[in-house]
file target_1.cif (mmCIF, C-alpha atoms)
data_model
#
loop_
_atom_site.label_atom_id
_atom_site.label_comp_id
_atom_site.auth_asym_id
_atom_site.auth_seq_id
_atom_site.Cartn_x
_atom_site.Cartn_y
_atom_site.Cartn_z
CA MET X 1 11.57 1.34 -6.81
CA SER X 2 10.36 -2.09 -7.84
CA VAL X 3 7.75 -3.76 -5.64
CA GLY X 4 8.89 -7.18 -6.76
CA SER X 5 11.47 -9.50 -5.28
CA PRO X 6 14.46 -9.39 -7.70
CA ARG X 7 16.71 -11.34 -5.33
CA LEU X 8 14.50 -14.41 -5.56
CA SER X 9 14.95 -16.99 -8.28
CA ARG X 10 11.88 -17.73 -10.36
CA PRO X 11 11.41 -21.26 -8.90
CA GLU X 12 11.62 -19.81 -5.37
CA ALA X 13 9.07 -17.13 -6.27
CA VAL X 14 6.75 -19.81 -7.64
CA ARG X 15 7.18 -21.82 -4.43
CA ARG X 16 6.43 -18.84 -2.20
CA VAL X 17 3.37 -17.77 -4.16
CA GLY X 18 2.15 -21.36 -3.91
CA LEU X 19 2.63 -21.31 -0.14
CA TYR X 20 0.76 -18.01 0.27
CA ASN X 21 -1.93 -19.31 -2.03
CA ASN X 22 -2.40 -22.44 0.07
CA LEU X 23 -2.70 -20.29 3.21
CA THR X 24 -5.33 -18.19 1.44
CA ILE X 25 -7.30 -21.32 0.52
CA GLY X 26 -7.15 -22.68 4.06
CA TRP X 27 -8.25 -19.42 5.67
CA ASN X 28 -11.09 -18.86 3.22
CA VAL X 29 -12.49 -22.37 3.60
CA VAL X 30 -12.82 -21.77 7.35
CA GLU X 31 -14.04 -18.20 6.86
CA GLY X 32 -16.63 -19.21 4.26
CA VAL X 33 -18.14 -22.03 6.32
CA VAL X 34 -18.34 -19.90 9.48
CA ALA X 35 -19.70 -16.81 7.68
CA ILE X 36 -22.40 -18.67 5.75
CA GLY X 37 -23.45 -20.59 8.86
CA ALA X 38 -23.59 -17.43 10.98
CA GLY X 39 -25.37 -15.57 8.17
CA ILE X 40 -28.07 -18.22 7.88
CA VAL X 41 -28.62 -18.24 11.65
CA ALA X 42 -28.79 -14.43 11.85
CA GLY X 43 -30.60 -13.91 8.54
CA SER X 44 -27.76 -11.63 7.39
CA ILE X 45 -27.32 -11.30 3.62
CA SER X 46 -24.02 -9.46 4.07
CA LEU X 47 -22.59 -12.34 6.10
CA ILE X 48 -23.84 -14.91 3.60
CA ALA X 49 -22.38 -12.80 0.79
CA PHE X 50 -19.13 -12.58 2.71
CA GLY X 51 -19.06 -16.35 3.00
CA LEU X 52 -19.80 -16.73 -0.71
CA ASP X 53 -16.98 -14.31 -1.47
CA SER X 54 -14.72 -16.63 0.51
CA GLY X 55 -15.91 -19.39 -1.81
CA VAL X 56 -15.01 -17.25 -4.82
CA GLU X 57 -11.64 -16.54 -3.24
CA VAL X 58 -11.06 -20.29 -2.90
CA SER X 59 -12.00 -20.81 -6.55
CA THR X 60 -9.67 -18.04 -7.74
CA SER X 61 -6.90 -19.42 -5.55
CA LEU X 62 -7.46 -22.84 -7.11
CA VAL X 63 -7.24 -21.22 -10.54
CA LEU X 64 -3.93 -19.67 -9.51
CA ALA X 65 -2.75 -23.05 -8.18
CA TRP X 66 -3.53 -24.53 -11.60
CA ARG X 67 -1.59 -21.69 -13.25
CA LEU X 68 1.46 -22.37 -11.06
CA ALA X 69 1.21 -26.10 -11.71
CA GLN X 70 1.23 -25.40 -15.45
CA GLU X 71 4.48 -23.50 -15.10
CA ARG X 72 6.13 -26.18 -12.97
CA ARG X 73 5.22 -28.79 -15.57
CA ASP X 74 5.70 -26.92 -18.86
CA GLY X 75 7.69 -23.77 -18.01
CA CYS X 76 6.47 -20.40 -19.30
CA MET X 77 2.69 -20.53 -19.83
CA ALA X 78 1.51 -17.10 -20.99
CA GLY X 79 -1.67 -18.60 -22.47
CA ALA X 80 -2.50 -20.41 -19.23
CA ASP X 81 -1.96 -17.19 -17.31
CA ARG X 82 -4.44 -15.32 -19.48
CA ARG X 83 -7.09 -18.05 -19.17
CA ALA X 84 -6.64 -18.01 -15.40
CA VAL X 85 -7.23 -14.23 -15.31
CA ARG X 86 -10.46 -14.62 -17.33
CA TRP X 87 -11.79 -17.30 -14.97
CA ILE X 88 -11.10 -15.05 -12.01
CA ALA X 89 -13.08 -12.26 -13.70
CA VAL X 90 -16.04 -14.62 -14.20
CA CYS X 91 -15.95 -15.56 -10.50
CA PHE X 92 -16.19 -11.86 -9.59
CA ALA X 93 -19.14 -11.34 -11.94
CA VAL X 94 -21.15 -14.29 -10.58
CA LEU X 95 -20.65 -13.05 -7.03
CA ALA X 96 -21.74 -9.52 -7.94
CA LEU X 97 -24.96 -10.66 -9.63
CA TYR X 98 -26.05 -13.02 -6.85
CA VAL X 99 -25.29 -10.71 -3.94
CA GLY X 100 -26.86 -7.70 -5.66
CA TYR X 101 -30.10 -9.61 -6.26
CA GLU X 102 -30.31 -10.94 -2.70
CA ALA X 103 -29.54 -7.53 -1.14
CA VAL X 104 -32.27 -5.77 -3.14
CA ASP X 105 -34.72 -8.54 -2.22
CA GLN X 106 -33.96 -8.13 1.50
CA LEU X 107 -34.37 -4.34 1.30
CA ALA X 108 -37.69 -4.72 -0.52
CA ASP X 109 -39.00 -7.19 2.06
CA GLN X 110 -37.53 -5.18 4.97
CA ARG X 111 -36.18 -8.33 6.60
CA ALA X 112 -34.22 -7.41 9.72
CA PRO X 113 -31.26 -9.69 10.52
CA ASP X 114 -30.38 -10.76 14.05
CA VAL X 115 -27.17 -9.60 15.75
CA SER X 116 -24.24 -11.90 14.98
CA LEU X 117 -21.29 -11.64 17.35
CA VAL X 118 -19.59 -14.52 15.52
CA GLY X 119 -19.85 -12.59 12.28
CA ILE X 120 -18.44 -9.43 13.86
CA VAL X 121 -15.40 -11.27 15.24
CA LEU X 122 -14.82 -13.11 11.96
CA ALA X 123 -14.96 -9.91 9.89
CA ALA X 124 -12.61 -8.14 12.31
CA VAL X 125 -10.01 -10.92 12.07
CA SER X 126 -10.29 -10.98 8.27
CA VAL X 127 -9.59 -7.24 8.12
CA VAL X 128 -6.18 -8.01 9.62
CA VAL X 129 -5.31 -11.29 7.86
CA MET X 130 -6.34 -10.60 4.26
CA PRO X 131 -4.17 -7.52 3.58
CA LEU X 132 -1.07 -9.39 4.78
CA LEU X 133 -1.68 -12.27 2.37
CA ALA X 134 -2.54 -9.94 -0.51
CA HIS X 135 0.66 -7.92 -0.09
CA ALA X 136 2.81 -11.04 0.16
CA LYS X 137 1.48 -12.38 -3.14
CA LYS X 138 1.39 -9.12 -5.06
CA ARG X 139 5.04 -8.26 -4.35
CA LEU X 140 6.09 -11.51 -6.09
CA ALA X 141 3.97 -10.96 -9.24
CA PRO X 142 6.60 -8.93 -11.17
CA THR X 143 9.18 -11.66 -10.59
CA LEU X 144 6.81 -14.20 -12.16
CA GLY X 145 5.45 -11.82 -14.80
CA SER X 146 2.03 -13.16 -13.89
CA GLN X 147 -1.14 -11.12 -14.19
CA ALA X 148 -2.96 -14.08 -12.65
CA VAL X 149 -1.01 -13.55 -9.42
CA VAL X 150 -1.90 -9.84 -9.47
CA SER X 151 -5.58 -10.56 -10.13
CA GLU X 152 -5.78 -13.17 -7.41
CA SER X 153 -4.08 -10.84 -4.93
CA ARG X 154 -6.67 -8.18 -5.83
CA GLN X 155 -9.35 -10.67 -4.89
CA THR X 156 -7.64 -11.10 -1.53
CA GLU X 157 -7.54 -7.30 -1.13
CA LEU X 158 -11.21 -7.17 -2.04
CA CYS X 159 -11.89 -9.69 0.71
CA ALA X 160 -10.24 -7.32 3.19
CA TRP X 161 -12.39 -4.38 2.03
CA LEU X 162 -15.50 -6.53 2.12
CA SER X 163 -14.60 -7.60 5.66
CA ALA X 164 -14.55 -3.93 6.67
CA VAL X 165 -17.87 -3.26 4.96
CA VAL X 166 -19.49 -6.28 6.60
CA LEU X 167 -18.04 -5.28 9.96
CA ILE X 168 -19.58 -1.81 9.66
CA GLY X 169 -22.96 -3.20 8.61
CA LEU X 170 -23.06 -5.78 11.39
CA GLY X 171 -21.86 -3.21 13.90
CA LEU X 172 -24.55 -0.69 12.98
CA ASN X 173 -27.22 -3.37 13.21
CA ALA X 174 -25.91 -4.56 16.60
CA THR X 175 -25.42 -1.15 18.21
CA LEU X 176 -28.08 1.06 16.60
CA GLY X 177 -30.60 -1.46 15.30
CA TRP X 178 -30.17 -0.25 11.70
CA TRP X 179 -31.41 -3.42 9.96
CA TRP X 180 -30.98 -1.87 6.52
CA ALA X 181 -27.23 -1.49 7.08
CA ASP X 182 -26.84 -5.23 6.42
CA PRO X 183 -28.33 -5.35 2.88
CA VAL X 184 -26.72 -1.99 2.07
CA ALA X 185 -23.36 -3.47 3.05
CA ALA X 186 -24.15 -6.40 0.76
CA LEU X 187 -24.87 -4.01 -2.11
CA VAL X 188 -21.48 -2.40 -1.55
CA LEU X 189 -19.96 -5.88 -1.74
CA ALA X 190 -21.74 -6.48 -5.03
CA GLY X 191 -20.46 -3.18 -6.41
CA PHE X 192 -16.88 -4.03 -5.44
CA ALA X 193 -17.17 -7.45 -7.06
CA GLY X 194 -18.67 -6.05 -10.27
CA TYR X 195 -15.92 -3.46 -10.59
CA GLU X 196 -13.25 -6.09 -10.05
CA ALA X 197 -14.87 -8.36 -12.64
CA ILE X 198 -14.55 -5.65 -15.29
CA ARG X 199 -11.06 -4.57 -14.24
CA THR X 200 -9.77 -8.13 -14.13
CA TRP X 201 -11.28 -9.04 -17.52
CA ARG X 202 -9.61 -6.01 -19.14
CA ALA X 203 -6.28 -6.44 -17.34
CA ASP X 204 -3.14 -6.35 -19.46
CA SER X 205 -0.60 -9.11 -19.01
CA LEU X 206 2.64 -8.29 -17.27
CA ALA X 207 5.94 -8.81 -19.07
CA ASP X 208 6.48 -12.55 -19.25
CA THR X 209 9.80 -12.66 -17.45
CA CYS X 210 10.33 -16.38 -17.95
CA CYS X 211 10.53 -15.78 -21.69
CA THR X 212 12.75 -12.68 -21.74
#

call {"tool": "encode", "arguments": {"input": "target_1.cif", "output": "structure tokens"}}
result
Amino acid sequence: MSVGSPRLSRPEAVRRVGLYNNLTIGWNVVEGVVAIGAGIVAGSISLIAFGLDSGVEVSTSLVLAWRLAQERRDGCMAGADRRAVRWIAVCFAVLALYVGYEAVDQLADQRAPDVSLVGIVLAAVSVVVMPLLAHAKKRLAPTLGSQAVVSESRQTELCAWLSAVVLIGLGLNATLGWWWADPVAALVLAGFAGYEAIRTWRADSLADTCCT
């Protein structure tokens, strides 16, 4: 069974992906600002990393918006799609390197973060919201024949997993006083991002349905 939306016309699929993409941008702007602010206040590298991931998510969503704009203007843009995928991979790699460095530094210095109830609530909400947006975008990717849509939806899925990891780390620190759970959670985030950078860079393009 196809996971796409064969009943939708291509222009309608483009419109819907654009709508979901705009919702993703809006949510992640709010999420990023709140997470980074709460992370700075609490001294939590996992929260700061979570906020930075939201920034990466915004950048990848903007790349996807550019990709969709290219199609609306010029029709089938297989080359633009591939460039968009590569930029998304670079965003993953930058996030992985920065978060990995900061997490190791916090572990080495044994810096204990404060409890952040704001961060816990934010991560819990993101665990619910992000999978819904990721599924909505991914199911339209075959209709568009766009690997960029698939890659961007993977970033949204990653955000959901990272939310769960951050939630666990913050929860362990709040309930059991395990300070090291925060930088360890950040290291898991870095590992996820590094894996996605490699997988996205090597991704094969989907069949370009607008040209078949």

call {"tool": "closest_residue", "arguments": {"input": "target_1.cif", "among": "X:Leu19, X:Leu132, X:Leu140, X:Ile45", "to": "Ala181 of chain X", "atoms": "all atoms listed in the file"}}
result
X:Ile45

call {"tool": "residues_around", "arguments": {"input": "target_1.cif", "residues": "segment 165-180 of chain X", "least_positions_apart": "5", "cutoff": "7 Å", "atoms": "only C-alpha atoms", "output": "VMD selection string"}}
result
chain X and resid 46 to 47 107 112 to 113 115 120 123 to 124 185

call {"tool": "resolve_selection", "arguments": {"input": "target_1.cif", "expression": "the PyMOL selection byres ((chain X and resi 154) around 10)", "output": "PyMOL selection string"}}
result
chain X and resi 131+134-135+137-138+148-153+155-160+196+200

call {"tool": "write_last_selection", "arguments": {"input": "target_1.cif", "atoms": "C-alpha atoms", "output": "PDB file, keeping the file's coordinate frame"}}
result
ATOM      1  CA  PRO X 131      -4.170  -7.520   3.580  1.00  0.00           C
ATOM      2  CA  ALA X 134      -2.540  -9.940  -0.510  1.00  0.00           C
ATOM      3  CA  HIS X 135       0.660  -7.920  -0.090  1.00  0.00           C
ATOM      4  CA  LYS X 137       1.480 -12.380  -3.140  1.00  0.00           C
ATOM      5  CA  LYS X 138       1.390  -9.120  -5.060  1.00  0.00           C
ATOM      6  CA  ALA X 148      -2.960 -14.080 -12.650  1.00  0.00           C
ATOM      7  CA  VAL X 149      -1.010 -13.550  -9.420  1.00  0.00           C
ATOM      8  CA  VAL X 150      -1.900  -9.840  -9.470  1.00  0.00           C
ATOM      9  CA  SER X 151      -5.580 -10.560 -10.130  1.00  0.00           C
ATOM     10  CA  GLU X 152      -5.780 -13.170  -7.410  1.00  0.00           C
ATOM     11  CA  SER X 153      -4.080 -10.840  -4.930  1.00  0.00           C
ATOM     12  CA  GLN X 155      -9.350 -10.670  -4.890  1.00  0.00           C
ATOM     13  CA  THR X 156      -7.640 -11.100  -1.530  1.00  0.00           C
ATOM     14  CA  GLU X 157      -7.540  -7.300  -1.130  1.00  0.00           C
ATOM     15  CA  LEU X 158     -11.210  -7.170  -2.040  1.00  0.00           C
ATOM     16  CA  CYS X 159     -11.890  -9.690   0.710  1.00  0.00           C
ATOM     17  CA  ALA X 160     -10.240  -7.320   3.190  1.00  0.00           C
ATOM     18  CA  GLU X 196     -13.250  -6.090 -10.050  1.00  0.00           C
ATOM     19  CA  THR X 200      -9.770  -8.130 -14.130  1.00  0.00           C
TER      20      THR X 200
END

call {"tool": "resolve_selection", "arguments": {"input": "target_1.cif", "expression": "the PyMOL selection byres ((chain X and resi 58) around 12)", "output": "count of residues only"}}
result
35

call {"tool": "resolve_selection", "arguments": {"input": "target_1.cif", "expression": "the PyMOL selection byres ((chain X and resi 95) around 10)", "output": "PDB file with C-alpha atoms, keeping the file's coordinate frame"}}
result
ATOM      1  CA  ALA X  49     -22.380 -12.800   0.790  1.00  0.00           C
ATOM      2  CA  PHE X  50     -19.130 -12.580   2.710  1.00  0.00           C
ATOM      3  CA  LEU X  52     -19.800 -16.730  -0.710  1.00  0.00           C
ATOM      4  CA  ASP X  53     -16.980 -14.310  -1.470  1.00  0.00           C
ATOM      5  CA  GLY X  55     -15.910 -19.390  -1.810  1.00  0.00           C
ATOM      6  CA  VAL X  56     -15.010 -17.250  -4.820  1.00  0.00           C
ATOM      7  CA  VAL X  90     -16.040 -14.620 -14.200  1.00  0.00           C
ATOM      8  CA  CYS X  91     -15.950 -15.560 -10.500  1.00  0.00           C
ATOM      9  CA  PHE X  92     -16.190 -11.860  -9.590  1.00  0.00           C
ATOM     10  CA  ALA X  93     -19.140 -11.340 -11.940  1.00  0.00           C
ATOM     11  CA  VAL X  94     -21.150 -14.290 -10.580  1.00  0.00           C
ATOM     12  CA  ALA X  96     -21.740  -9.520  -7.940  1.00  0.00           C
ATOM     13  CA  LEU X  97     -24.960 -10.660  -9.630  1.00  0.00           C
ATOM     14  CA  TYR X  98     -26.050 -13.020  -6.850  1.00  0.00           C
ATOM     15  CA  VAL X  99     -25.290 -10.710  -3.940  1.00  0.00           C
ATOM     16  CA  GLY X 100     -26.860  -7.700  -5.660  1.00  0.00           C
ATOM     17  CA  LEU X 189     -19.960  -5.880  -1.740  1.00  0.00           C
ATOM     18  CA  ALA X 190     -21.740  -6.480  -5.030  1.00  0.00           C
ATOM     19  CA  GLY X 191     -20.460  -3.180  -6.410  1.00  0.00           C
ATOM     20  CA  PHE X 192     -16.880  -4.030  -5.440  1.00  0.00           C
ATOM     21  CA  ALA X 193     -17.170  -7.450  -7.060  1.00  0.00           C
ATOM     22  CA  GLY X 194     -18.670  -6.050 -10.270  1.00  0.00           C
ATOM     23  CA  ALA X 197     -14.870  -8.360 -12.640  1.00  0.00           C
TER      24      ALA X 197
END

call {"tool": "closest_residue", "arguments": {"input": "target_1.cif", "among": "X:Ile36, X:Glu12, X:Val128, X:Ala84", "to": "Gln70 of chain X", "atoms": "all atoms listed in the file"}}
result
X:Ala84

call {"tool": "axis_aligned_box", "arguments": {"input": "target_1.cif", "around": "segment 160-176 of chain X", "padding_each_side": "6 Å", "output": "lines of an AutoDock Vina configuration file"}}
result
center_x = -19.2
center_y = -3.3
center_z = 10.1
size_x = 29.8
size_y = 20.7
size_z = 28.2

call {"tool": "closest_residue", "arguments": {"input": "target_1.cif", "among": "X:Ile48, X:Val14, X:Val34, X:Val127", "to": "Ala69 of chain X", "atoms": "all atoms listed in the file"}}
result
X:Val14

call {"tool": "atom_distance", "arguments": {"input": "target_1.cif", "atom1": "atom CA of Ala35 of chain X", "atom2": "atom CA of Val118 of chain X"}}
result
8.2 Å

call {"tool": "atom_distance", "arguments": {"input": "target_1.cif", "atom1": "atom CA of Arg83 of chain X", "atom2": "atom CA of Ala141 of chain X"}}
result
16.5 Å

call {"tool": "atom_distance", "arguments": {"input": "target_1.cif", "atom1": "atom CA of Arg16 of chain X", "atom2": "atom CA of Met130 of chain X"}}
result
16.5 Å

call {"tool": "closest_residue", "arguments": {"input": "target_1.cif", "among": "X:Arg199, X:Gly18, X:Val188, X:Ser44", "to": "Ser116 of chain X", "atoms": "only C-alpha atoms"}}
result
X:Ser44
